[in-house]
Structure formats: C-alpha cells, structure tokens
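Below: one structure, written as structure tokens.
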Amino acid sequence: MFHQISSTLLENKRLSIPLLSASATSPTSSISSNSRSTSSEVDESPRDSGHFELQDHVKCRSPCVPFSGSFSYRSLAVLSGHVGSVSCLALCGEFILSASQGKDIIVWQQPDLRPFTKFGQGDGSVKALVTVGNKVFTAHQDSRIRVWKVSRRSENVFRLVDTLPTTKDYLGKFMKQSNYVQTRRHHKRLWIEHADSISCLAFYNGLIYSGSWDKTLKVWRISDLKCIESIKAHDDAINGLVAGNGIVYSASADGKIKAWGKEGKSSHCLKGILEGHKDVSLNSVIVSEDGRWVYGGGSDGFVMGWQGSCGDVQNQIESWKLVCETKAHQMAVLSMCLMGEMLCSGSADKSIGIWKREAFGKLCKVGIISGHEGPVKCLQASPNTVGGGFMLYSGGLDKSLRVWWVPKPSNNRAEETTEEKSIILC
C-alpha cells in the first residue's frame, strides 16, 4: 500500500528537471558505497533471478517518533526489490536510481516511487554510480565502468553503450610495453585499467573520476570516454570521492583525504593532505557547495571537518585546517551527504545522523533517524524543497531503499508543526 501524500506536497515534490538534462544531476556529486582496508573481496551476493515484480515494492511505515522533543523524521516509504544490499544511489531527472551488490539497478519513478524499470543484471556487483546529462556511469566489482544512455524514445530506456576502458583505448595502448604497470608481483596491466574493484565515482567539469581498491585514482574524459590520467593516490584502498570548486577529494583506508587539483591542461597534482585519526579508515568524503568545508566519515564513528582557505589563485582552495571532530555514531560512518547547511551521516550502527553546520564548520546534532535493519551504506538528498524540508533517500545492507522527509531546523515550533501536517501517513 502506498503512503498518501497531500496534493500540496505532491505538487511541490514533482521535479522540474527533465529526464535528459544538459548537465549532471549534481556537479559536486560523489557516490561512495563500499569501504575497504584490504585488497580482496569475495562477492557472496545471490544471483539475480531475472524476475521483476512491480507489486509490493512500497510498504507503509508507522508514524514518526519525535527526537529530542524538537524534530520528527517521517519514513514515507520502504522500497524493496533488490536481491543484494543497496550499495549506491543517484538522482536522474525524474528518477531515483538504486544499485546493489546483487548486480541490479532499479529505476524508481518520482513522485509516487513506483518501480519504472530495471537494468544492469549480470554485469558484476555495482559499487557506485553517477549521472551526467543523458548518461549514467556505473562502477563494478569487475574493475570496469559501464556507460548507459538514457532515452525516452527507446523501448530500452537505459541502454548500455560502452565499457571503460573502451576497446579503442585498449587497441591504442596494448602493443607498447611502456603502457604497462606492475599491479602486484609478476602481474602487469595497462595503466588505463583498474586492478581491483572500483569503489567510487565523481563528476566534475567534463571529467569522470574513479577510485579503486587498487589505490589509484583515474581520470576519464566524457567527450570521448578516454582515460587520460592515472594517479597512484593512496597507500590503501580508496573508499570515497567528491569534486567541487576545482578540487577532487579522495578518502582512503589509509586514514587520509587527499586534495587534487589542476591548472589549465596540466595533469592533476596533490594540493593537500587532510589527516584523519591514526589507524582509522576514512570511508566517505563530502564538500560544501562553495568548496570551503570538507567532511570525512571514519571507521571510528567520527565525522571530521576541515575549512579550506584560498591561496594566491582567486577562489582556489590551497590549504585546509581541521575545525571539528564530532563523535557522530557508535560504529563506522559509511556514507554522508549535504543539503545546504544540513549534513546527513549513515552508519554501520543502522542509524542516520542529522546535523546542522554552524559557525566555523562545527556540527550541531539535530536528531537521529532509525529504521534500517542493517548498516546504512548510501545516502542521497533531493535538492527539491518539500513542505519546508527535503527528501532523503537511504540504502542499506537490509536490501531496502527508504525514503524520509527531513524538516529544516526552525526556531518557530508552530511553523514546524504546520510543515509536518502537510504529510499524511496511511
């Protein structure tokens, strides 16, 4: 049974973004889904049966439980259908995409959250995805990136058009010995290939960035899908990527976030290192829209924040200062997302923390969302304002995608009450 949502709320929630937009869903978006501190993984996710039912994918939730006497978080729906844990999420025009370690990607129609279609079965466990205009890039455990074209004019709306590295890229490099790099003892690969699972993707300024458990960061040009750069970025697995304001940030199991930048047509170079806690893996990283604030989520349950300062180059961040260390969860922080001044953190403790960024980058706790029956692997906030708040999507190891309405903090309790009444639960 679907939740009933007031006509006003539905009207506010309807997306104005066309399916085939000319830009990415979010120019600073990153998808970080799977953190790791070792160099191998066995995918034990069950195989897809290929059968896709359109019924019983949305279940009702009980009314919200107030937290700290101030805010209430409403679970609008629980979307099921994945055969493995939900590993990553992305907005794509009128759709929300959810991918899983069960090798499937489900497309949900907004605003009624009905399953629209399903694609990607059998192409390897999906670790990350990002949308750019009319293309969807998916990263897989088999060390490949797949490119899907979105078109309403085709019966197959999401159509596989290429795999990275492309065959053309391979043929142009495989006969030259200098194009090979040693990935482990007695084993070499072309430098355009990842040697292990690709854990995260990010998009910025016509480029796709991929981070892998092989410790490298690779740069792909969208115009011709060519790999143009490979960086030995970290001493351990890369778990998260985000890009903004000319800087790409990579979070790693080595406990560091590294900032990468480029000037003109030059290669990327290291701009700075943001040090986390000793012997603590950093699983995710996010950056504010203006590029001034960077936050990393660690395996010790802390969210750490850094303030960026501009150097000689106008509006270019050149240095970072640690400004906050917040014990956000009792277990590892696995995922984060930003919506304006609101920061959301997903954890292995099955909860989602809601925080407000205050002066000097400090985080003030607003509340906690509970409901998942497993660790929260991924979060995605919708940029559309709904009833004075925003929609938050969360995916977990419980194989479910959950939808929440999060009110924005206000000093006027009467205003909050009015906003909350705009949603009617079944």
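Identifiers in this document derive from the order of the structure tokens: chains are assigned A, B, ..., residues are numbered from 1 separately in each chain, and ligands are numbered from 1 in order of occurrence.
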
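Non-sequential neighbours of stretch 391-408 of chain A (distance at most 6 Å, separation of 2 or more positions within a chain, only C-alpha atoms) are Tyr73, Arg74, Ser75, Leu76, Ala77, Val78, Leu79, Ser80, His82, Gly84, Ser85, Val86, Glu373, Gly374, Pro375, Val376, Lys377, Cys378, Leu379, Gln380, Ala381, Ser382 and Gly389 of chain A.
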
Store the residues of this selection in a file with C-alpha atoms, as a PDB file, in the first residue's frame.
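Produced file out-v2.pdb, reproduced below:
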```
ATOM      1  CA  TYR A  73      11.505  12.255  10.858  1.00  0.00           C
ATOM      2  CA  ARG A  74       8.884  10.616   8.725  1.00  0.00           C
ATOM      3  CA  SER A  75       9.567   7.423   6.835  1.00  0.00           C
ATOM      4  CA  LEU A  76       7.428   7.865   3.753  1.00  0.00           C
ATOM      5  CA  ALA A  77       8.188   4.525   2.155  1.00  0.00           C
ATOM      6  CA  VAL A  78      10.305   1.411   2.175  1.00  0.00           C
ATOM      7  CA  LEU A  79      11.191   0.283  -1.356  1.00  0.00           C
ATOM      8  CA  SER A  80      12.182  -3.348  -1.809  1.00  0.00           C
ATOM      9  CA  HIS A  82      16.952  -5.680  -4.707  1.00  0.00           C
ATOM     10  CA  GLY A  84      21.527  -7.759  -2.576  1.00  0.00           C
ATOM     11  CA  SER A  85      22.366  -4.915  -0.205  1.00  0.00           C
ATOM     12  CA  VAL A  86      21.780  -1.430  -1.647  1.00  0.00           C
ATOM     13  CA  GLU A 373      17.668  -3.237   9.841  1.00  0.00           C
ATOM     14  CA  GLY A 374      21.266  -3.163   8.648  1.00  0.00           C
ATOM     15  CA  PRO A 375      24.157  -0.715   8.136  1.00  0.00           C
ATOM     16  CA  VAL A 376      23.317   2.375   6.069  1.00  0.00           C
ATOM     17  CA  LYS A 377      25.594   2.172   3.007  1.00  0.00           C
ATOM     18  CA  CYS A 378      24.451   5.178   0.965  1.00  0.00           C
ATOM     19  CA  LEU A 379      22.545   8.450   1.217  1.00  0.00           C
ATOM     20  CA  GLN A 380      21.116  10.816  -1.386  1.00  0.00           C
ATOM     21  CA  ALA A 381      19.304  14.085  -0.641  1.00  0.00           C
ATOM     22  CA  SER A 382      16.911  15.626  -3.134  1.00  0.00           C
ATOM     23  CA  GLY A 389      12.128  20.241   4.373  1.00  0.00           C
TER      24      GLY A 389
END
```

Quick one: everything within 12 Å of A:Arg159, counting only C-alpha atoms, minus sequence neighbours fewer than 6 positions away in the same chain. Send it as a short mmCIF file (atom, residue, chain, number, x, y, z; two decimals) with C-alpha atoms, in the first residue's frame.
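The result, stored in result-v1.cif:
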```cif
data_model
loop_
_atom_site.label_atom_id
_atom_site.label_comp_id
_atom_site.auth_asym_id
_atom_site.auth_seq_id
_atom_site.Cartn_x
_atom_site.Cartn_y
_atom_site.Cartn_z
CA THR A 117 12.37 -0.43 -14.94
CA LYS A 118 15.42 -2.48 -14.07
CA PHE A 119 18.77 -2.81 -15.82
CA GLY A 120 22.38 -3.88 -15.37
CA ASN A 134 21.71 11.73 -20.55
CA LYS A 135 24.34 9.21 -19.42
CA VAL A 136 24.68 7.01 -16.36
CA PHE A 137 28.13 5.73 -15.34
CA ARG A 146 29.83 0.87 -17.80
CA VAL A 147 28.17 3.71 -19.65
CA TRP A 148 24.39 3.75 -20.16
CA LYS A 149 22.50 6.13 -22.40
CA VAL A 150 19.12 7.38 -21.20
CA SER A 151 16.47 7.91 -23.85
CA ARG A 152 12.69 8.09 -23.62
CA ARG A 153 12.42 7.46 -27.35
#
```

>> List the spatial neighbours of stretch 139-144 of chain A as a list in words - criterion: any atom at most 8 Å away, only C-alpha atoms, same-chain residues fewer than 4 positions off excluded.
In response: Asp123, Gly124, Ser125, Val126, Lys127, Ala128, Leu129, Thr163, Leu164, Pro165, Glu193, His194, Ala195, Asp196, Ser197, Ile198, Ser199, Cys200 and Leu201 of chain A

Just to be explicit: take each residue in the selection above, keep N, CA, C and O atoms, and write the result as a PDB file, in the first residue's frame.
```pdb
ATOM      1  N   ASP A 123      26.234  -7.813 -14.794  1.00  0.00           N
ATOM      2  CA  ASP A 123      27.427  -7.064 -15.176  1.00  0.00           C
ATOM      3  C   ASP A 123      28.393  -6.860 -14.013  1.00  0.00           C
ATOM      4  O   ASP A 123      29.210  -5.965 -14.031  1.00  0.00           O
ATOM      5  N   GLY A 124      28.275  -7.656 -12.982  1.00  0.00           N
ATOM      6  CA  GLY A 124      29.164  -7.527 -11.834  1.00  0.00           C
ATOM      7  C   GLY A 124      28.550  -6.664 -10.751  1.00  0.00           C
ATOM      8  O   GLY A 124      27.805  -5.727 -11.035  1.00  0.00           O
ATOM      9  N   SER A 125      28.839  -6.954  -9.523  1.00  0.00           N
ATOM     10  CA  SER A 125      28.312  -6.202  -8.387  1.00  0.00           C
ATOM     11  C   SER A 125      28.540  -4.700  -8.579  1.00  0.00           C
ATOM     12  O   SER A 125      29.648  -4.257  -8.873  1.00  0.00           O
ATOM     13  N   VAL A 126      27.480  -3.909  -8.414  1.00  0.00           N
ATOM     14  CA  VAL A 126      27.552  -2.470  -8.649  1.00  0.00           C
ATOM     15  C   VAL A 126      28.045  -1.773  -7.382  1.00  0.00           C
ATOM     16  O   VAL A 126      27.450  -1.912  -6.323  1.00  0.00           O
ATOM     17  N   LYS A 127      29.121  -1.026  -7.502  1.00  0.00           N
ATOM     18  CA  LYS A 127      29.731  -0.369  -6.352  1.00  0.00           C
ATOM     19  C   LYS A 127      29.406   1.126  -6.288  1.00  0.00           C
ATOM     20  O   LYS A 127      29.380   1.715  -5.214  1.00  0.00           O
ATOM     21  N   ALA A 128      29.217   1.766  -7.439  1.00  0.00           N
ATOM     22  CA  ALA A 128      28.992   3.215  -7.457  1.00  0.00           C
ATOM     23  C   ALA A 128      28.331   3.598  -8.770  1.00  0.00           C
ATOM     24  O   ALA A 128      28.433   2.887  -9.768  1.00  0.00           O
ATOM     25  N   LEU A 129      27.627   4.721  -8.752  1.00  0.00           N
ATOM     26  CA  LEU A 129      27.050   5.251  -9.980  1.00  0.00           C
ATOM     27  C   LEU A 129      26.949   6.763  -9.897  1.00  0.00           C
ATOM     28  O   LEU A 129      26.860   7.352  -8.823  1.00  0.00           O
ATOM     29  N   THR A 163      31.854   0.362 -22.426  1.00  0.00           N
ATOM     30  CA  THR A 163      32.502  -0.092 -21.197  1.00  0.00           C
ATOM     31  C   THR A 163      33.902   0.499 -21.158  1.00  0.00           C
ATOM     32  O   THR A 163      34.605   0.518 -22.161  1.00  0.00           O
ATOM     33  N   LEU A 164      34.279   1.007 -19.974  1.00  0.00           N
ATOM     34  CA  LEU A 164      35.586   1.637 -19.818  1.00  0.00           C
ATOM     35  C   LEU A 164      36.544   0.709 -19.064  1.00  0.00           C
ATOM     36  O   LEU A 164      36.154   0.108 -18.066  1.00  0.00           O
ATOM     37  N   PRO A 165      37.801   0.616 -19.548  1.00  0.00           N
ATOM     38  CA  PRO A 165      38.347   1.277 -20.736  1.00  0.00           C
ATOM     39  C   PRO A 165      37.685   0.762 -22.018  1.00  0.00           C
ATOM     40  O   PRO A 165      37.326  -0.411 -22.100  1.00  0.00           O
ATOM     41  N   GLU A 193      43.730   0.556 -16.929  1.00  0.00           N
ATOM     42  CA  GLU A 193      42.877  -0.427 -16.256  1.00  0.00           C
ATOM     43  C   GLU A 193      42.992  -0.319 -14.741  1.00  0.00           C
ATOM     44  O   GLU A 193      44.080  -0.148 -14.212  1.00  0.00           O
ATOM     45  N   HIS A 194      41.869  -0.475 -14.061  1.00  0.00           N
ATOM     46  CA  HIS A 194      41.908  -0.672 -12.612  1.00  0.00           C
ATOM     47  C   HIS A 194      42.217  -2.139 -12.343  1.00  0.00           C
ATOM     48  O   HIS A 194      41.760  -3.029 -13.072  1.00  0.00           O
ATOM     49  N   ALA A 195      42.989  -2.404 -11.297  1.00  0.00           N
ATOM     50  CA  ALA A 195      43.399  -3.771 -10.966  1.00  0.00           C
ATOM     51  C   ALA A 195      42.535  -4.400  -9.879  1.00  0.00           C
ATOM     52  O   ALA A 195      42.748  -5.554  -9.510  1.00  0.00           O
ATOM     53  N   ASP A 196      41.557  -3.640  -9.362  1.00  0.00           N
ATOM     54  CA  ASP A 196      40.680  -4.155  -8.312  1.00  0.00           C
ATOM     55  C   ASP A 196      39.335  -3.437  -8.429  1.00  0.00           C
ATOM     56  O   ASP A 196      39.145  -2.592  -9.304  1.00  0.00           O
ATOM     57  N   SER A 197      38.416  -3.756  -7.535  1.00  0.00           N
ATOM     58  CA  SER A 197      37.081  -3.167  -7.586  1.00  0.00           C
ATOM     59  C   SER A 197      37.125  -1.641  -7.590  1.00  0.00           C
ATOM     60  O   SER A 197      37.922  -1.027  -6.880  1.00  0.00           O
ATOM     61  N   ILE A 198      36.244  -1.057  -8.392  1.00  0.00           N
ATOM     62  CA  ILE A 198      36.085   0.404  -8.392  1.00  0.00           C
ATOM     63  C   ILE A 198      35.034   0.739  -7.338  1.00  0.00           C
ATOM     64  O   ILE A 198      33.889   0.298  -7.429  1.00  0.00           O
ATOM     65  N   SER A 199      35.430   1.490  -6.345  1.00  0.00           N
ATOM     66  CA  SER A 199      34.567   1.720  -5.188  1.00  0.00           C
ATOM     67  C   SER A 199      33.773   3.021  -5.256  1.00  0.00           C
ATOM     68  O   SER A 199      32.766   3.168  -4.559  1.00  0.00           O
ATOM     69  N   CYS A 200      34.198   3.988  -6.079  1.00  0.00           N
ATOM     70  CA  CYS A 200      33.542   5.292  -6.063  1.00  0.00           C
ATOM     71  C   CYS A 200      33.763   6.044  -7.368  1.00  0.00           C
ATOM     72  O   CYS A 200      34.759   5.822  -8.067  1.00  0.00           O
ATOM     73  N   LEU A 201      32.835   6.930  -7.673  1.00  0.00           N
ATOM     74  CA  LEU A 201      32.893   7.766  -8.864  1.00  0.00           C
ATOM     75  C   LEU A 201      32.540   9.193  -8.499  1.00  0.00           C
ATOM     76  O   LEU A 201      31.793   9.443  -7.552  1.00  0.00           O
TER      77      LEU A 201
END
```

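Among the candidate residues A:Leu171, A:Cys364, A:Ala359, A:Val285, the one lying nearest to A:Cys337 is A:Val285, with distances computed using only C-alpha atoms.
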
>> Just list as a ChimeraX atom specification whatever in stretch 97-344 of chain A DSSP marks as strand (DSSP E or B).
In response: /A:97-100,105-109,114-119,126-132,135-140,145-150,158-164,180-184,187-190,198-204,207-212,216-221,226-232,238-244,247-252,256-261,269-275,282-287,293-298,302-310,317-327,333-339,342-344

>> Give me the residues near A:Val280 as JSON, numbers by chain, where near means some atom within 8 Å (using only C-alpha atoms) and where sequence neighbours in that chain fewer than 4 positions away do not count.
In response: {"A": [253, 254, 255, 276, 298, 299, 300]}

>> Let's see if you can do this: from backbone DSSP, list all helix (DSSP H, G or I) residues in stretch 45-210 of chain A, as a ChimeraX atom specification.
In response: /A:167-171,177-179

>> Which residues are near A:Val303? Cut-off 7 Å, only C-alpha atoms, ignore same chain within fewer than 2 positions. Put them as a PyMOL selection string.
In response: chain A and resi 295-298+301+305+325-328

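Closest approach to A:Ala233 from the set A:Gly272, A:Gly361, A:Gly387, A:Gly291 is made by A:Gly272, with distances taken over only C-alpha atoms.
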
>> Would you pick out the contacts of stretch 96-99 of chain A at 7 Å or less, using only C-alpha atoms, so that residues sharing its chain but fewer than 2 positions from it are not included, and give the list as a ChimeraX atom specification?
In response: /A:86-92,104-109,126

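Computed from the coordinates, the atom CA of A:Lys262 to atom CA of A:Ser335 distance equals 26.9 Å.
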